[in-house]
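Student: Pasting run24.pdb here (PDB, C-alpha atoms, pLDDT in the B column):
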```
MODEL        1
ATOM      1  CA  MET A   1     116.792  23.188 154.208  1.00 83.00           C
ATOM      2  CA  ARG A   2     114.589  25.499 152.167  1.00 90.00           C
ATOM      3  CA  ILE A   3     113.244  28.654 153.816  1.00 94.00           C
ATOM      4  CA  LEU A   4     110.736  31.256 152.576  1.00 96.00           C
ATOM      5  CA  ILE A   5     111.258  34.854 153.703  1.00 97.00           C
ATOM      6  CA  ALA A   6     108.216  37.135 153.343  1.00 96.00           C
ATOM      7  CA  ASP A   7     108.904  40.736 154.407  1.00 96.00           C
ATOM      8  CA  ASP A   8     108.164  43.980 152.552  1.00 94.00           C
ATOM      9  CA  GLU A   9     111.194  45.750 154.076  1.00 94.00           C
ATOM     10  CA  ARG A  10     113.446  45.024 151.128  1.00 95.00           C
ATOM     11  CA  ASP A  11     116.750  45.860 152.811  1.00 95.00           C
ATOM     12  CA  LEU A  12     115.956  43.632 155.784  1.00 94.00           C
ATOM     13  CA  ASN A  13     114.667  40.901 153.467  1.00 95.00           C
ATOM     14  CA  ALA A  14     117.925  41.013 151.494  1.00 95.00           C
ATOM     15  CA  VAL A  15     120.050  40.859 154.666  1.00 94.00           C
ATOM     16  CA  ILE A  16     118.115  37.877 156.059  1.00 94.00           C
ATOM     17  CA  THR A  17     118.291  36.091 152.709  1.00 94.00           C
ATOM     18  CA  ARG A  18     122.039  36.659 152.420  1.00 93.00           C
ATOM     19  CA  ARG A  19     122.789  35.605 155.993  1.00 92.00           C
ATOM     20  CA  LEU A  20     120.669  32.455 155.766  1.00 92.00           C
ATOM     21  CA  SER A  21     122.377  31.549 152.491  1.00 89.00           C
ATOM     22  CA  MET A  22     125.735  31.879 154.265  1.00 87.00           C
ATOM     23  CA  GLU A  23     124.408  29.407 156.852  1.00 86.00           C
ATOM     24  CA  LYS A  24     123.797  26.884 154.028  1.00 83.00           C
ATOM     25  CA  TYR A  25     120.024  27.368 153.839  1.00 88.00           C
ATOM     26  CA  THR A  26     118.266  27.524 150.479  1.00 88.00           C
ATOM     27  CA  VAL A  27     116.184  30.710 150.450  1.00 92.00           C
ATOM     28  CA  ASP A  28     113.320  32.179 148.432  1.00 94.00           C
ATOM     29  CA  SER A  29     112.160  35.692 149.259  1.00 95.00           C
ATOM     30  CA  CYS A  30     109.052  37.775 148.535  1.00 96.00           C
ATOM     31  CA  TYR A  31     107.552  41.077 149.615  1.00 96.00           C
ATOM     32  CA  ASP A  32     103.798  40.733 150.153  1.00 96.00           C
ATOM     33  CA  GLY A  33     101.252  38.234 151.416  1.00 95.00           C
ATOM     34  CA  GLU A  34      99.761  37.292 148.050  1.00 96.00           C
ATOM     35  CA  GLU A  35     103.207  36.585 146.636  1.00 96.00           C
ATOM     36  CA  ALA A  36     103.994  34.463 149.694  1.00 96.00           C
ATOM     37  CA  LEU A  37     100.904  32.337 149.091  1.00 95.00           C
ATOM     38  CA  ASP A  38     101.916  31.895 145.435  1.00 94.00           C
ATOM     39  CA  TYR A  39     105.327  30.578 146.523  1.00 93.00           C
ATOM     40  CA  LEU A  40     103.691  28.249 149.028  1.00 93.00           C
ATOM     41  CA  ARG A  41     101.341  26.799 146.417  1.00 90.00           C
ATOM     42  CA  PHE A  42     104.185  25.606 144.225  1.00 87.00           C
ATOM     43  CA  ALA A  43     106.944  24.543 146.627  1.00 87.00           C
ATOM     44  CA  GLU A  44     107.484  22.823 149.963  1.00 87.00           C
ATOM     45  CA  TYR A  45     109.432  24.690 152.627  1.00 92.00           C
ATOM     46  CA  ASP A  46     111.034  23.538 155.850  1.00 90.00           C
ATOM     47  CA  ALA A  47     110.167  26.841 157.554  1.00 94.00           C
ATOM     48  CA  ILE A  48     108.661  30.264 156.815  1.00 96.00           C
ATOM     49  CA  VAL A  49     109.777  33.618 158.215  1.00 96.00           C
ATOM     50  CA  LEU A  50     106.686  35.795 157.898  1.00 95.00           C
ATOM     51  CA  ASP A  51     106.376  39.514 158.601  1.00 93.00           C
ATOM     52  CA  ILE A  52     103.001  40.490 160.035  1.00 92.00           C
ATOM     53  CA  MET A  53     102.730  43.967 158.468  1.00 91.00           C
ATOM     54  CA  MET A  54     102.787  43.327 154.712  1.00 93.00           C
ATOM     55  CA  PRO A  55     100.744  44.740 151.799  1.00 94.00           C
ATOM     56  CA  LYS A  56      97.953  42.886 149.944  1.00 94.00           C
ATOM     57  CA  LYS A  57      97.663  40.233 152.671  1.00 94.00           C
ATOM     58  CA  ASN A  58      99.255  40.609 156.082  1.00 92.00           C
ATOM     59  CA  GLY A  59     101.194  37.847 157.773  1.00 91.00           C
ATOM     60  CA  LEU A  60      98.299  36.727 159.971  1.00 93.00           C
ATOM     61  CA  GLU A  61      96.017  36.376 156.931  1.00 94.00           C
ATOM     62  CA  VAL A  62      98.668  34.305 155.168  1.00 95.00           C
ATOM     63  CA  LEU A  63      99.090  32.159 158.288  1.00 94.00           C
ATOM     64  CA  ARG A  64      95.334  31.594 158.673  1.00 94.00           C
ATOM     65  CA  GLN A  65      95.036  30.526 155.038  1.00 94.00           C
ATOM     66  CA  LEU A  66      98.058  28.255 155.378  1.00 93.00           C
ATOM     67  CA  ARG A  67      96.757  26.507 158.491  1.00 93.00           C
ATOM     68  CA  SER A  68      93.191  26.223 157.167  1.00 92.00           C
ATOM     69  CA  SER A  69      94.574  24.319 154.170  1.00 91.00           C
ATOM     70  CA  GLY A  70      96.247  21.831 156.529  1.00 89.00           C
ATOM     71  CA  ASP A  71      99.776  23.072 155.886  1.00 89.00           C
ATOM     72  CA  MET A  72     101.735  22.771 159.146  1.00 90.00           C
ATOM     73  CA  THR A  73     105.068  24.158 157.917  1.00 92.00           C
ATOM     74  CA  PRO A  74     106.805  25.858 160.886  1.00 94.00           C
ATOM     75  CA  VAL A  75     106.252  29.639 160.879  1.00 95.00           C
ATOM     76  CA  ILE A  76     108.210  32.346 162.683  1.00 95.00           C
ATOM     77  CA  LEU A  77     106.388  35.678 162.735  1.00 93.00           C
ATOM     78  CA  LEU A  78     108.294  38.956 162.544  1.00 91.00           C
ATOM     79  CA  THR A  79     106.585  41.930 164.135  1.00 86.00           C
ATOM     80  CA  ALA A  80     107.350  45.501 165.094  1.00 82.00           C
ATOM     81  CA  LYS A  81     104.561  45.283 167.687  1.00 73.00           C
ATOM     82  CA  ASP A  82     105.583  44.239 171.181  1.00 71.00           C
ATOM     83  CA  ALA A  83     102.135  44.176 172.837  1.00 69.00           C
ATOM     84  CA  ILE A  84     101.372  40.835 174.482  1.00 78.00           C
ATOM     85  CA  SER A  85      97.969  40.740 172.767  1.00 77.00           C
ATOM     86  CA  ASP A  86      99.633  40.872 169.320  1.00 76.00           C
ATOM     87  CA  ARG A  87     101.968  38.003 170.208  1.00 77.00           C
ATOM     88  CA  VAL A  88      99.108  35.955 171.625  1.00 83.00           C
ATOM     89  CA  GLU A  89      97.078  36.493 168.461  1.00 83.00           C
ATOM     90  CA  GLY A  90      99.986  35.320 166.312  1.00 82.00           C
ATOM     91  CA  LEU A  91     100.532  32.170 168.369  1.00 84.00           C
ATOM     92  CA  ASN A  92      96.798  31.418 168.518  1.00 88.00           C
ATOM     93  CA  THR A  93      96.598  31.790 164.741  1.00 87.00           C
ATOM     94  CA  GLY A  94      99.123  28.977 164.368  1.00 90.00           C
ATOM     95  CA  ALA A  95     102.590  30.502 164.501  1.00 91.00           C
ATOM     96  CA  ASP A  96     105.346  28.383 166.030  1.00 92.00           C
ATOM     97  CA  ASP A  97     107.392  31.330 167.255  1.00 92.00           C
ATOM     98  CA  TYR A  98     107.822  35.078 166.843  1.00 89.00           C
ATOM     99  CA  LEU A  99     110.548  37.723 166.866  1.00 91.00           C
ATOM    100  CA  ILE A 100     110.151  41.415 167.636  1.00 91.00           C
ATOM    101  CA  LYS A 101     112.012  43.827 165.339  1.00 90.00           C
ATOM    102  CA  PRO A 102     114.812  44.732 165.601  1.00 89.00           C
ATOM    103  CA  PHE A 103     116.191  41.284 166.367  1.00 91.00           C
ATOM    104  CA  SER A 104     119.523  39.497 166.505  1.00 92.00           C
ATOM    105  CA  PHE A 105     120.287  37.396 163.461  1.00 92.00           C
ATOM    106  CA  ASP A 106     121.856  34.758 165.729  1.00 92.00           C
ATOM    107  CA  GLU A 107     118.536  34.533 167.563  1.00 94.00           C
ATOM    108  CA  LEU A 108     116.665  34.082 164.277  1.00 94.00           C
ATOM    109  CA  ILE A 109     118.985  31.207 163.347  1.00 92.00           C
ATOM    110  CA  ALA A 110     118.533  29.609 166.773  1.00 91.00           C
ATOM    111  CA  ARG A 111     114.754  29.871 166.540  1.00 93.00           C
ATOM    112  CA  LEU A 112     114.739  28.469 162.994  1.00 92.00           C
ATOM    113  CA  ARG A 113     116.762  25.493 164.184  1.00 89.00           C
ATOM    114  CA  ALA A 114     114.397  25.019 167.110  1.00 89.00           C
ATOM    115  CA  VAL A 115     111.157  25.047 165.078  1.00 90.00           C
ATOM    116  CA  THR A 116     112.574  22.759 162.383  1.00 87.00           C
ATOM    117  CA  ARG A 117     113.872  20.359 165.038  1.00 82.00           C
ATOM    118  CA  ARG A 118     110.438  20.147 166.609  1.00 79.00           C
ATOM    119  CA  SER A 119     108.770  19.528 163.249  1.00 69.00           C
ATOM    120  CA  CYS A 120     111.074  16.535 162.693  1.00 68.00           C
ATOM    121  CA  GLY A 121     110.902  15.248 166.261  1.00 66.00           C
ATOM    122  CA  ILE A 122     114.585  16.067 166.821  1.00 69.00           C
ATOM    123  CA  VAL A 123     115.766  17.538 170.138  1.00 65.00           C
ATOM    124  CA  THR A 124     119.335  18.683 169.343  1.00 76.00           C
ATOM    125  CA  ASN A 125     121.330  20.306 166.546  1.00 82.00           C
ATOM    126  CA  VAL A 126     123.378  17.117 166.181  1.00 88.00           C
ATOM    127  CA  LEU A 127     121.979  14.600 163.687  1.00 90.00           C
ATOM    128  CA  THR A 128     123.097  10.976 163.569  1.00 92.00           C
ATOM    129  CA  ALA A 129     122.724   7.963 161.323  1.00 93.00           C
ATOM    130  CA  GLY A 130     124.690   4.984 162.565  1.00 92.00           C
ATOM    131  CA  ASP A 131     128.230   6.236 163.193  1.00 94.00           C
ATOM    132  CA  LEU A 132     127.645   9.315 161.027  1.00 95.00           C
ATOM    133  CA  VAL A 133     127.392  12.569 163.024  1.00 95.00           C
ATOM    134  CA  MET A 134     126.320  15.956 161.614  1.00 93.00           C
ATOM    135  CA  ASN A 135     126.733  19.033 163.793  1.00 92.00           C
ATOM    136  CA  LEU A 136     124.445  21.752 162.433  1.00 86.00           C
ATOM    137  CA  ASN A 137     125.998  24.424 164.657  1.00 84.00           C
ATOM    138  CA  THR A 138     129.541  23.948 163.362  1.00 86.00           C
ATOM    139  CA  HIS A 139     128.603  22.473 159.947  1.00 88.00           C
ATOM    140  CA  THR A 140     130.933  19.545 160.537  1.00 92.00           C
ATOM    141  CA  VAL A 141     130.449  15.898 159.574  1.00 95.00           C
ATOM    142  CA  THR A 142     132.237  12.861 160.978  1.00 95.00           C
ATOM    143  CA  ARG A 143     131.892   9.152 160.457  1.00 94.00           C
ATOM    144  CA  GLY A 144     133.539   6.719 162.825  1.00 91.00           C
ATOM    145  CA  GLY A 145     135.303   9.732 164.347  1.00 91.00           C
ATOM    146  CA  LYS A 146     136.832  10.719 160.978  1.00 93.00           C
ATOM    147  CA  GLU A 147     136.007  14.245 159.785  1.00 95.00           C
ATOM    148  CA  ILE A 148     134.566  14.471 156.283  1.00 95.00           C
ATOM    149  CA  SER A 149     134.785  17.641 154.189  1.00 95.00           C
ATOM    150  CA  LEU A 150     131.612  18.462 152.256  1.00 93.00           C
ATOM    151  CA  SER A 151     130.620  21.275 149.927  1.00 91.00           C
ATOM    152  CA  SER A 152     127.652  23.453 150.871  1.00 87.00           C
ATOM    153  CA  LYS A 153     125.247  21.558 148.612  1.00 89.00           C
ATOM    154  CA  GLU A 154     126.588  18.157 149.706  1.00 93.00           C
ATOM    155  CA  PHE A 155     126.028  19.160 153.338  1.00 92.00           C
ATOM    156  CA  SER A 156     122.477  20.336 152.606  1.00 89.00           C
ATOM    157  CA  ILE A 157     121.532  17.148 150.752  1.00 92.00           C
ATOM    158  CA  LEU A 158     123.028  14.947 153.461  1.00 94.00           C
ATOM    159  CA  GLU A 159     121.222  16.926 156.174  1.00 91.00           C
ATOM    160  CA  TYR A 160     117.907  16.448 154.367  1.00 92.00           C
ATOM    161  CA  LEU A 161     118.544  12.710 154.000  1.00 94.00           C
ATOM    162  CA  VAL A 162     119.551  12.302 157.653  1.00 93.00           C
ATOM    163  CA  ARG A 163     116.592  14.341 158.915  1.00 89.00           C
ATOM    164  CA  ASN A 164     114.404  11.902 156.998  1.00 90.00           C
ATOM    165  CA  LYS A 165     116.401   8.727 157.669  1.00 90.00           C
ATOM    166  CA  GLY A 166     114.392   5.602 157.052  1.00 91.00           C
ATOM    167  CA  ASN A 167     112.217   7.390 154.495  1.00 92.00           C
ATOM    168  CA  VAL A 168     112.667   7.158 150.740  1.00 94.00           C
ATOM    169  CA  LEU A 169     113.085  10.595 149.143  1.00 93.00           C
ATOM    170  CA  SER A 170     112.497  11.076 145.426  1.00 92.00           C
ATOM    171  CA  ARG A 171     114.944  13.039 143.296  1.00 89.00           C
ATOM    172  CA  GLU A 172     112.255  15.677 142.777  1.00 87.00           C
ATOM    173  CA  LYS A 173     111.653  16.081 146.518  1.00 88.00           C
ATOM    174  CA  ILE A 174     115.367  16.409 147.258  1.00 89.00           C
ATOM    175  CA  GLU A 175     115.815  18.971 144.495  1.00 86.00           C
ATOM    176  CA  GLU A 176     112.805  20.966 145.693  1.00 83.00           C
ATOM    177  CA  HIS A 177     114.196  21.220 149.222  1.00 83.00           C
ATOM    178  CA  ILE A 178     117.778  22.040 148.250  1.00 83.00           C
ATOM    179  CA  TRP A 179     117.471  24.522 145.375  1.00 80.00           C
ATOM    180  CA  ASN A 180     115.369  27.666 145.091  1.00 75.00           C
ATOM    181  CA  TYR A 181     113.329  29.055 142.200  1.00 72.00           C
ATOM    182  CA  ASP A 182     116.401  30.655 140.602  1.00 68.00           C
ATOM    183  CA  TYR A 183     118.056  27.286 140.027  1.00 67.00           C
ATOM    184  CA  GLU A 184     118.435  26.048 136.465  1.00 62.00           C
ATOM    185  CA  GLY A 185     120.289  22.764 136.502  1.00 61.00           C
ATOM    186  CA  GLY A 186     120.520  19.449 134.729  1.00 61.00           C
ATOM    187  CA  SER A 187     118.081  16.606 135.165  1.00 64.00           C
ATOM    188  CA  ASN A 188     120.715  14.365 136.767  1.00 85.00           C
ATOM    189  CA  VAL A 189     122.072  16.849 139.299  1.00 87.00           C
ATOM    190  CA  ILE A 190     120.779  14.852 142.291  1.00 88.00           C
ATOM    191  CA  ASP A 191     122.384  11.653 141.008  1.00 91.00           C
ATOM    192  CA  VAL A 192     125.697  13.496 140.618  1.00 92.00           C
ATOM    193  CA  TYR A 193     125.635  14.841 144.182  1.00 92.00           C
ATOM    194  CA  ILE A 194     124.556  11.496 145.626  1.00 94.00           C
ATOM    195  CA  SER A 195     127.552   9.957 143.841  1.00 95.00           C
ATOM    196  CA  TYR A 196     129.838  12.534 145.494  1.00 95.00           C
ATOM    197  CA  LEU A 197     128.295  11.813 148.900  1.00 95.00           C
ATOM    198  CA  ARG A 198     128.632   8.058 148.513  1.00 95.00           C
ATOM    199  CA  LYS A 199     132.352   8.375 147.847  1.00 95.00           C
ATOM    200  CA  LYS A 200     132.849  10.587 150.890  1.00 95.00           C
ATOM    201  CA  ILE A 201     130.369   9.007 153.332  1.00 95.00           C
ATOM    202  CA  ASP A 202     130.419   5.318 152.368  1.00 94.00           C
ATOM    203  CA  GLY A 203     133.610   4.873 150.337  1.00 91.00           C
ATOM    204  CA  ASP A 204     135.916   3.908 153.236  1.00 89.00           C
ATOM    205  CA  PHE A 205     133.331   1.992 155.252  1.00 91.00           C
ATOM    206  CA  GLU A 206     132.022  -1.542 154.943  1.00 91.00           C
ATOM    207  CA  THR A 207     128.532  -0.587 156.122  1.00 93.00           C
ATOM    208  CA  LYS A 208     126.826   1.614 153.546  1.00 94.00           C
ATOM    209  CA  LEU A 209     124.371   4.264 154.704  1.00 96.00           C
ATOM    210  CA  ILE A 210     123.114   5.720 151.405  1.00 95.00           C
ATOM    211  CA  HIS A 211     120.924   3.376 149.362  1.00 95.00           C
ATOM    212  CA  THR A 212     119.121   3.662 146.036  1.00 93.00           C
ATOM    213  CA  ILE A 213     115.540   2.488 145.754  1.00 92.00           C
ATOM    214  CA  ARG A 214     115.357   1.881 142.032  1.00 90.00           C
ATOM    215  CA  GLY A 215     112.747   3.938 140.269  1.00 88.00           C
ATOM    216  CA  VAL A 216     111.860   5.809 143.473  1.00 91.00           C
ATOM    217  CA  GLY A 217     114.806   7.684 145.003  1.00 92.00           C
ATOM    218  CA  TYR A 218     117.284   7.535 147.854  1.00 95.00           C
ATOM    219  CA  ILE A 219     117.255   6.591 151.533  1.00 95.00           C
ATOM    220  CA  ILE A 220     119.656   6.638 154.472  1.00 93.00           C
ATOM    221  CA  LYS A 221     119.383   3.495 156.568  1.00 88.00           C
ATOM    222  CA  GLU A 222     121.401   2.810 159.705  1.00 78.00           C
TER
ENDMDL
END
```
How does this structure look as structure tokens?
Tutor:
Amino acid sequence: MRILIADDERDLNAVITRRLSMEKYTVDSCYDGEEALDYLRFAEYDAIVLDIMMPKKNGLEVLRQLRSSGDMTPVILLTAKDAISDRVEGLNTGADDYLIKPFSFDELIARLRAVTRRSCGIVTNVLTAGDLVMNLNTHTVTRGGKEISLSSKEFSILEYLVRNKGNVLSREKIEEHIWNYDYEGGSNVIDVYISYLRKKIDGDFETKLIHTIRGVGYIIKE
């Protein structure tokens, strides 16, 4: 999944970005509200971690503009304020959740998983497609009870496909959700990774889960 971190505390921003990357998230980071809006104009994100106290535009202004445009991407607000009125204002503005600084990184991960589950209509951190099981807590994948070893990018692509099972995803949409702005890759990178996944996920099984819709993209069907 692709996450945007907007926080002007550069050390904290760097720590969050690094830790989320270790958890197999794709991360873009920025340091003020106007920059955050620029990122949001040109990419789709699965969730946004948004500090309230930022220069140029604060987090609440960014959130208001986001929601007024119809963008319902899940947002977790970060705030150093612990007054109930501040939290209520954030939630009433359209935030999905909030964390008070300083916070536990494990709690941030748990809340990210919760808001992204809700946005997809999923109630657990275990995703399934037929006899394929993905555990997002342990980053393990099994099919028919057999454990399958995946690279970080393979896991991320498969997670995105399974979260959207039954829906056709274009190569461009997959690439946008799996790589950040720093990525400079080849035009066929998605095809290459889908080929890797097919060998690992479908190769030993009669029923195939990953399908190509010619000229459109890829879909997982149970």
Student: Report as a list in words the full result of the PyMOL selection byres ((chain A and resi 168-170) around 8) when it is applied to this structure.
Tutor: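 For this structure, the PyMOL selection byres ((chain A and resi 168-170) around 8) resolves to Leu161, Gly166, Asn167, Arg171, Glu172, Lys173, Ile174, Ile213, Val216, Gly217, Tyr218, Ile219 and Ile220 of chain A.
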Student: Under the rule of at most 10 Å, produce a per-residue listing of region 127-186 of chain A near region 191-206 of chain A: chain, number, name, the closest pair of atoms, and the distance in Å, as CSV, using only C-alpha atoms.
Tutor:
```
residue,atom,partner,partner_atom,distance
A:Leu132,CA,A:Ile201,CA,8.2
A:Val141,CA,A:Ile201,CA,9.3
A:Thr142,CA,A:Ile201,CA,8.8
A:Arg143,CA,A:Ile201,CA,7.3
A:Gly144,CA,A:Phe205,CA,8.9
A:Ile148,CA,A:Lys200,CA,6.9
A:Ser149,CA,A:Lys200,CA,8.0
A:Leu150,CA,A:Lys200,CA,8.1
A:Ser151,CA,A:Leu197,CA,9.8
A:Lys153,CA,A:Tyr193,CA,8.1
A:Glu154,CA,A:Tyr193,CA,6.5
A:Phe155,CA,A:Leu197,CA,8.9
A:Ile157,CA,A:Tyr193,CA,8.1
A:Leu158,CA,A:Leu197,CA,7.6
A:Arg171,CA,A:Asp191,CA,7.9
A:Gly186,CA,A:Val192,CA,9.8
```
Student: Could you work out how far CA of Asp38 (chain A) lies from CA of Glu107 (chain A), giving the answer in Å with one decimal?
Tutor: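 Calculated distance between CA of Glu107 (chain A) and CA of Asp38 (chain A) is 27.8 Å.
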Student: How would you write, as JSON, numbers by chain, the residues chosen by the PyMOL selection byres ((chain A and resi 130) around 9) on this structure?
Tutor: {"A": [128, 129, 131, 132, 133, 143, 209, 221, 222]}
Student: Do you know which residues lie at most 6 Å from (104.9, 29.7, 159.2), with coordinates as in the file and only C-alpha atoms counted, and could you write them as a VMD selection string?
Tutor: chain A and resid 48 73 to 76 95
Student: Using all atoms listed in the file, find the one residue out of A:Asp8, A:Met22, A:Thr140, A:Thr93 that sits nearest to Glu159 (chain A).
Tutor: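 Closest to Glu159 (chain A), using all atoms listed in the file: A:Thr140.
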Student: Return the single residue from A:Ser68, A:Thr116, A:Asn58, A:Thr207 that is closest to Tyr160 (chain A), with distances computed using only C-alpha atoms.
Tutor: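 Ranking A:Ser68, A:Thr116, A:Asn58, A:Thr207 by distance to Tyr160 (chain A), first place goes to A:Thr116.
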Student: Looking at only C-alpha atoms, which of A:His177, A:Arg41, A:Lys208, A:Arg117 is the one that sits closest to Ser156 (chain A)?
Tutor: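 The closest residue to Ser156 (chain A) is A:His177.
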Student: Separation of CA of Val126 (chain A) and CA of Lys24 (chain A), in Å?
Tutor: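 That distance, rounded to one decimal, is 15.6 Å.
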Student: Please write the residues picked by the PyMOL selection byres ((chain A and resi 49) around 8) on this file as a list in words.
Tutor: Ile3, Leu4, Ile5, Ala6, Ala47, Ile48, Leu50, Asp51, Val75, Ile76, Leu77 and Leu78 of chain A
Student: Taking (100.8, 32.7, 168.4) in the coordinates of the supplied file, I want to know which residues reach to within 12 Å of it, counting only C-alpha atoms; could you give the answer as number ranges by chain?
Tutor: A: 52, 59-60, 63-64, 74-79, 84-99
Student: Between A:Leu112, A:Phe105, A:Thr138, A:Arg214, which is the closest to Arg18 (chain A) once you count only C-alpha atoms?
Tutor: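 So, comparing all the options, the nearest one is A:Phe105.
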Student: If I take CA of Leu37 (chain A) and CA of Glu9 (chain A), how far is one from the other in Å, to one decimal?
Tutor: 17.6 Å
Student: With all atoms listed in the file as the counted atoms, please give the residues lying no more than 7 Å from Lys57 (chain A), apart from itself and same-chain residues fewer than 4 positions off, as a short mmCIF file (atom, residue, chain, number, x, y, z; two decimals) with C-alpha atoms, keeping the file's coordinate frame.
Tutor:
```cif
data_model
loop_
_atom_site.label_atom_id
_atom_site.label_comp_id
_atom_site.auth_asym_id
_atom_site.auth_seq_id
_atom_site.Cartn_x
_atom_site.Cartn_y
_atom_site.Cartn_z
CA ASP A 32 103.80 40.73 150.15
CA GLY A 33 101.25 38.23 151.42
CA GLU A 34 99.76 37.29 148.05
CA GLU A 61 96.02 36.38 156.93
CA VAL A 62 98.67 34.30 155.17
#
```
Student: Draw an axis-aligned box tight on the listed atoms of region 69-82 of chain A, then pad every side by 4 Å and write out centre and edge lengths in Å to one decimal as JSON.
Tutor:
```
{"center_x": 101.4, "center_y": 33.7, "center_z": 162.7, "size_x": 21.7, "size_y": 31.7, "size_z": 25.0}
```
